[in-house]
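All remarks here apply to the structure that follows.
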Amino acid sequence: MPIVAGVDFGTLSVRVTLVHSQKGPIGTASAEYALHRRREDPDFATQSHHHQMQALVRATRAVLEETGVAGAGIVAIALDTTGSSVIPVGEGLEPLDEYYLWCDHRAKAEAEEITARAHAAGLEAIDWCGGVYSHEWGFAKLLHWLRHNPARRSEFVTALEHCDMVAATLSGVTSTANLKRSVCAMGHKWLWNPRWGGFPPEEFLVSVDPLLAGVRAKLGGEFLTSNHIAGHLSPKWAAELGLHAGIPIPVGAFDAHWDAIGSHIREGDVVNVVGTSTCIIAMAKEAELVPGVCGVVPGSVHPDFTGIEAGLSATGDIFEAIARRAGSTVSALSQGLESYRAGQTGLLRLSWDNGDRTVLVNPELGGVTLGWNLLHTAQDELFAAIEGTAFHTRIILERMAKHGVRVERVINAGGIPQKNEVLNQVYANVLNKPVLVPAGVPTSLGSGIFALLAAGVYPTIEAAQEAVCLPFRTIEPQPAAVAVYERLYNAYRNVYFSLGTHNAAPSALGAVLPTLRSIAAEAARLPAVETL
């Protein structure tokens, strides 16, 4: 039976999974690369394309060795990446700089300017990305690079999303004439849509900044969904990876979108890809625009559906920061969390440590914790942070449902739900819905599914999903905790919009702290999380 390679480039490492067309995942290996940060500039986050490609080589060769599978027997390779992770390139598509990683937030001013000009011009594209252009997205990052690298502007040929850059590199593509670009990446992060002829018009881009003159023409190539082929593995990279030259590489996409495919998403599902941040993915045959949501893009998740993306700018990163400040680890602080009761800490924590991606789309916000007393611990804050990310997720799901997105099942994918049962239970209780968790890590399985399609092994995504996706286990909501979280959520929602919205109407917040104390006192009479 055919075997393919599914690749997932994450924030800190690349994972390569071999997927058997009947048995599903048969082995996986990963390799790390550096995330470059600057203490003096917390918005800075870059990575080296060269280091990432070398990590891909290490991970691919490791999984071949560990499984005993011959590289010549791999019939396709597919890849997903973080995004918007943008790299400016020169002649031959050679990097002019490192990737502006998805979590690089230096382009806040540029994003605000794009948003303001889009609304002033009545640009339809701004409505399709929730009404606010994000500092995490392509044009903002490219404009920031152009403004801060005047000496290299003359060398600039084009800019690429991470997924398109890797596919071009592996295929030996060296010019925009032969370049294939991901509809997923360009639709969600670059204001691209065939509805208005691709990118916004030249006059709009120039009105934001004359430095963008000519950029629209430079963003050339063919724009395709992931059921199309981006290229075929070049002899050079086949030798590096230990694979057979000429195997197909489908057009890539963002990691969360393909994680949803690997989690067996169907219409009516919402997939929470919970990792360093959270991406919330849904898809629909018909979808209306959703204010504050990152994007509504035909063909972005599944070629036959409209993809909807939202999310939290930090989740696992918040948990790690709490542990780091306490001189501990998330694993150590998590010991004993299963004995916590809903609302018992008396803390209410907002997950704005890295800004708000959805629905406020405000990078200027910061983490807020209400209700501290002199006896609270780092473990209390960790539990409150789990509750807070669940509340924030509910804010997003309610916004999506209000605008016609079906939310019938909730799937917790990504790495954190595989190792944090307390998080899964809290989410079920806060959302008051069963939460489905894949019985294993689906990361890079979505890439494997698109590789199977590219190799012609299966005719549809659905057929491949049925063959290789992991089964679910189900976490049911607990009625007593649900009742507590209804009260806490009302307080959270009030604080969320009152503190997070520019020029918010006056709001009475005086009841919030007494409510937290009251709920904490009552929680002592409730059973613990694991026994409810």
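Ordered as shown in the structure tokens, chains take letters A, B, and onward, while each chain numbers its residues from 1 and ligands are numbered from 1 in the order shown.
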Original post:
Contacts of stretch 58-74 of chain A at 6 Å or less, counting only C-alpha atoms, minus same-chain residues fewer than 5 places along, as a VMD selection string?
Top reply: chain A and resid 3 to 4 16 28 to 31 242 to 244
Do you know which residues are at most 7 Å from A:Ser182 counting only C-alpha atoms, after dropping those on the same chain fewer than 6 positions away, and could you put them as a short mmCIF file (atom, residue, chain, number, x, y, z; two decimals) with N, CA, C and O atoms, in the first residue's frame?
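Once everything was written out, this is selection_0.cif:
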data_model
loop_
_atom_site.label_atom_id
_atom_site.label_comp_id
_atom_site.auth_asym_id
_atom_site.auth_seq_id
_atom_site.Cartn_x
_atom_site.Cartn_y
_atom_site.Cartn_z
N ASP A 164 4.42 28.57 0.80
CA ASP A 164 4.76 28.68 -0.62
C ASP A 164 6.26 28.68 -0.84
O ASP A 164 6.75 28.14 -1.83
N PHE A 223 -2.61 31.15 -8.22
CA PHE A 223 -3.23 31.03 -6.91
C PHE A 223 -4.17 29.82 -6.92
O PHE A 223 -5.15 29.79 -7.67
N LEU A 224 -3.87 28.84 -6.05
CA LEU A 224 -4.53 27.54 -6.15
C LEU A 224 -4.91 26.99 -4.78
O LEU A 224 -4.25 27.27 -3.78
N THR A 225 -5.97 26.18 -4.76
CA THR A 225 -6.32 25.43 -3.56
C THR A 225 -5.41 24.20 -3.47
O THR A 225 -4.70 23.85 -4.42
N VAL A 251 -0.05 22.10 -3.37
CA VAL A 251 -0.02 23.46 -2.84
C VAL A 251 -0.23 23.40 -1.33
O VAL A 251 -1.12 22.71 -0.84
N GLY A 252 0.61 24.10 -0.59
CA GLY A 252 0.57 24.03 0.87
C GLY A 252 -0.52 24.90 1.47
O GLY A 252 -1.33 25.53 0.77
N ALA A 253 -0.53 24.95 2.80
CA ALA A 253 -1.54 25.72 3.53
C ALA A 253 -1.02 25.98 4.93
O ALA A 253 0.10 25.59 5.29
#
**OP:** Tell me which of A:Tyr427, A:Val86, A:Asn149, A:Ala5 sits closest to A:Leu241, counting only C-alpha atoms.
**Re:** A:Ala5
Original post:
Which residues, written as a PyMOL selection string, have at least one atom at most 10 Å from A:Ala326, with only C-alpha atoms counted and residues fewer than 4 positions away on the same chain left out?
Top reply: chain A and resi 320-322+330+333+377-379
Please produce an output containing N, CA and C atoms for each residue in the selection, written as a PDB file, in the first residue's frame.
ATOM      1  N   GLU A 320       3.135  28.696  29.587  1.00  0.00           N
ATOM      2  CA  GLU A 320       4.594  28.639  29.753  1.00  0.00           C
ATOM      3  C   GLU A 320       5.102  29.862  30.499  1.00  0.00           C
ATOM      4  N   ALA A 321       4.537  31.033  30.207  1.00  0.00           N
ATOM      5  CA  ALA A 321       4.993  32.257  30.876  1.00  0.00           C
ATOM      6  C   ALA A 321       4.687  32.217  32.372  1.00  0.00           C
ATOM      7  N   ILE A 322       3.518  31.708  32.730  1.00  0.00           N
ATOM      8  CA  ILE A 322       3.157  31.585  34.153  1.00  0.00           C
ATOM      9  C   ILE A 322       4.155  30.670  34.871  1.00  0.00           C
ATOM     10  N   VAL A 330       5.203  23.930  33.136  1.00  0.00           N
ATOM     11  CA  VAL A 330       3.764  23.692  33.018  1.00  0.00           C
ATOM     12  C   VAL A 330       3.410  22.298  33.523  1.00  0.00           C
ATOM     13  N   LEU A 333       3.430  22.411  37.376  1.00  0.00           N
ATOM     14  CA  LEU A 333       2.301  23.173  37.915  1.00  0.00           C
ATOM     15  C   LEU A 333       0.969  22.473  37.665  1.00  0.00           C
ATOM     16  N   THR A 377      -1.469  31.235  44.298  1.00  0.00           N
ATOM     17  CA  THR A 377      -0.231  30.609  43.814  1.00  0.00           C
ATOM     18  C   THR A 377      -0.185  30.644  42.292  1.00  0.00           C
ATOM     19  N   ALA A 378       0.979  30.281  41.763  1.00  0.00           N
ATOM     20  CA  ALA A 378       1.134  30.165  40.305  1.00  0.00           C
ATOM     21  C   ALA A 378       0.205  29.083  39.759  1.00  0.00           C
ATOM     22  N   GLN A 379      -0.015  28.029  40.533  1.00  0.00           N
ATOM     23  CA  GLN A 379      -0.917  26.974  40.090  1.00  0.00           C
ATOM     24  C   GLN A 379      -2.349  27.499  39.981  1.00  0.00           C
TER      25      GLN A 379
END
Original post:
stretch 53-279 of chain A: which residues are strand (DSSP E) by DSSP, as a PyMOL selection string?
Top reply: chain A and resi 74-81+86-89+99-100+158-161+180-182+222-224+229-232+248-250+253-254+269-274+278-279
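Closest approach to A:Ile249 among A:Val430, A:Val297, A:Gly456, A:Ala401: A:Gly456, based on only C-alpha atoms.
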Non-local contacts of stretch 44-55 of chain A (6 Å; only C-alpha atoms; under 2 positions in same chain excluded) as a JSON list (two decimals) with N, CA, C and O atoms, in the first residue's frame:
[["chain", "number", "residue", "atom", "x", "y", "z"],
["A", 31, "ALA", "N", 12.35, 17.81, 14.36],
["A", 31, "ALA", "CA", 13.65, 18.45, 14.55],
["A", 31, "ALA", "C", 13.40, 19.92, 14.84],
["A", 31, "ALA", "O", 12.51, 20.54, 14.24],
["A", 35, "LEU", "N", 14.01, 30.05, 17.35],
["A", 35, "LEU", "CA", 13.13, 31.21, 17.23],
["A", 35, "LEU", "C", 13.92, 32.40, 17.75],
["A", 35, "LEU", "O", 14.35, 32.42, 18.91],
["A", 36, "HIS", "N", 14.14, 33.37, 16.90],
["A", 36, "HIS", "CA", 14.97, 34.51, 17.27],
["A", 36, "HIS", "C", 14.12, 35.62, 17.87],
["A", 36, "HIS", "O", 13.25, 36.19, 17.20],
["A", 37, "ARG", "N", 14.35, 35.90, 19.14],
["A", 37, "ARG", "CA", 13.65, 36.94, 19.88],
["A", 37, "ARG", "C", 14.67, 37.98, 20.35],
["A", 37, "ARG", "O", 15.87, 37.72, 20.40],
["A", 41, "ASP", "N", 12.99, 44.11, 22.38],
["A", 41, "ASP", "CA", 11.86, 44.30, 21.47],
["A", 41, "ASP", "C", 10.98, 43.05, 21.51],
["A", 41, "ASP", "O", 11.18, 42.12, 20.74],
["A", 42, "PRO", "N", 10.02, 42.99, 22.42],
["A", 42, "PRO", "CA", 9.20, 41.77, 22.57],
["A", 42, "PRO", "C", 8.33, 41.46, 21.36],
["A", 42, "PRO", "O", 7.79, 40.36, 21.26],
["A", 57, "VAL", "N", 15.32, 18.15, 6.70],
["A", 57, "VAL", "CA", 16.18, 17.02, 6.29],
["A", 57, "VAL", "C", 16.38, 16.07, 7.47],
["A", 57, "VAL", "O", 16.24, 14.84, 7.33],
["A", 58, "ARG", "N", 16.71, 16.61, 8.63],
["A", 58, "ARG", "CA", 16.97, 15.76, 9.80],
["A", 58, "ARG", "C", 15.72, 14.96, 10.18],
["A", 58, "ARG", "O", 15.80, 13.75, 10.47],
["A", 98, "GLU", "N", 15.25, 36.98, 7.23],
["A", 98, "GLU", "CA", 14.57, 35.85, 7.85],
["A", 98, "GLU", "C", 13.06, 36.02, 7.72],
["A", 98, "GLU", "O", 12.56, 37.09, 7.35],
["A", 99, "TYR", "N", 12.34, 34.95, 8.03],
["A", 99, "TYR", "CA", 10.89, 35.03, 8.08],
["A", 99, "TYR", "C", 10.45, 35.99, 9.18],
["A", 99, "TYR", "O", 10.96, 35.94, 10.30],
["A", 100, "TYR", "N", 9.52, 36.88, 8.85],
["A", 100, "TYR", "CA", 8.73, 37.54, 9.89],
["A", 100, "TYR", "C", 7.72, 36.48, 10.35],
["A", 100, "TYR", "O", 6.72, 36.23, 9.66],
["A", 101, "LEU", "N", 8.00, 35.86, 11.48],
["A", 101, "LEU", "CA", 7.15, 34.75, 11.91],
["A", 101, "LEU", "C", 5.75, 35.25, 12.25],
["A", 101, "LEU", "O", 5.54, 36.45, 12.50],
["A", 104, "ASP", "N", 5.52, 37.58, 15.10],
["A", 104, "ASP", "CA", 6.23, 38.84, 15.04],
["A", 104, "ASP", "C", 5.19, 39.95, 14.94],
["A", 104, "ASP", "O", 4.40, 40.00, 14.00]]
**OP:** Take atom CA of A:Ala282 and atom CA of A:Asp269 and report the distance between them in Å, one decimal.
**Re:** 6.1 Å
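Note that atom CA of A:Leu436 and atom CA of A:Gln478 are 14.7 Å apart.
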**OP:** Mind checking which residues fall within 12 Å of A:His264, counting only C-alpha atoms, ignoring those fewer than 6 positions away in the same chain, and posting them as a count of residues only?
**Re:** 35
Original post:
Contacts of stretch 394-400 of chain A at 8 Å or less, counting only C-alpha atoms, minus same-chain residues fewer than 6 places along, as an NGL selection string?
Top reply: :A and (290-291 or 293 or 310-311 or 358-359 or 406-407 or 430-431 or 493)
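Put simply, atom CA of A:Cys184 is 13.5 Å away from atom CA of A:Ala230.
Using only C-alpha atoms for every distance, the candidate list A:Ser339, A:Ser300, A:Asn494, A:Thr393 yields A:Ser300 as the residue closest to A:Trp192.
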**OP:** Name the residues in contact with A:Asp356 at a cut-off of 9 Å, using only C-alpha atoms, excluding same-chain residues fewer than 3 positions from it; report them as a PyMOL selection string.
**Re:** chain A and resi 311-314+351-353+359-366+500
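For the residues A:Ala480, A:Cys294, A:Ile26, A:Ala260, ranking by smallest atom-to-atom distance to A:Ser84 using only C-alpha atoms places A:Cys294 first.
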Original post:
When DSSP works through the backbone of this structure, what residues of stretch 5-235 of chain A end up as alpha helix (DSSP H), shown as JSON, numbers by chain?
Top reply: {"A": [49, 50, 51, 52, 53, 54, 55, 56, 57, 58, 59, 60, 61, 62, 63, 64, 65, 66, 67, 108, 109, 110, 111, 112, 113, 114, 115, 116, 117, 118, 119, 120, 121, 124, 125, 126, 127, 138, 139, 140, 141, 142, 143, 144, 145, 146, 147, 148, 162, 163, 164, 165, 166, 167, 168, 169, 170, 171, 183, 184, 185, 186, 187, 188, 189, 202, 203, 204, 205, 206, 207, 208, 215, 216, 217, 218, 235]}
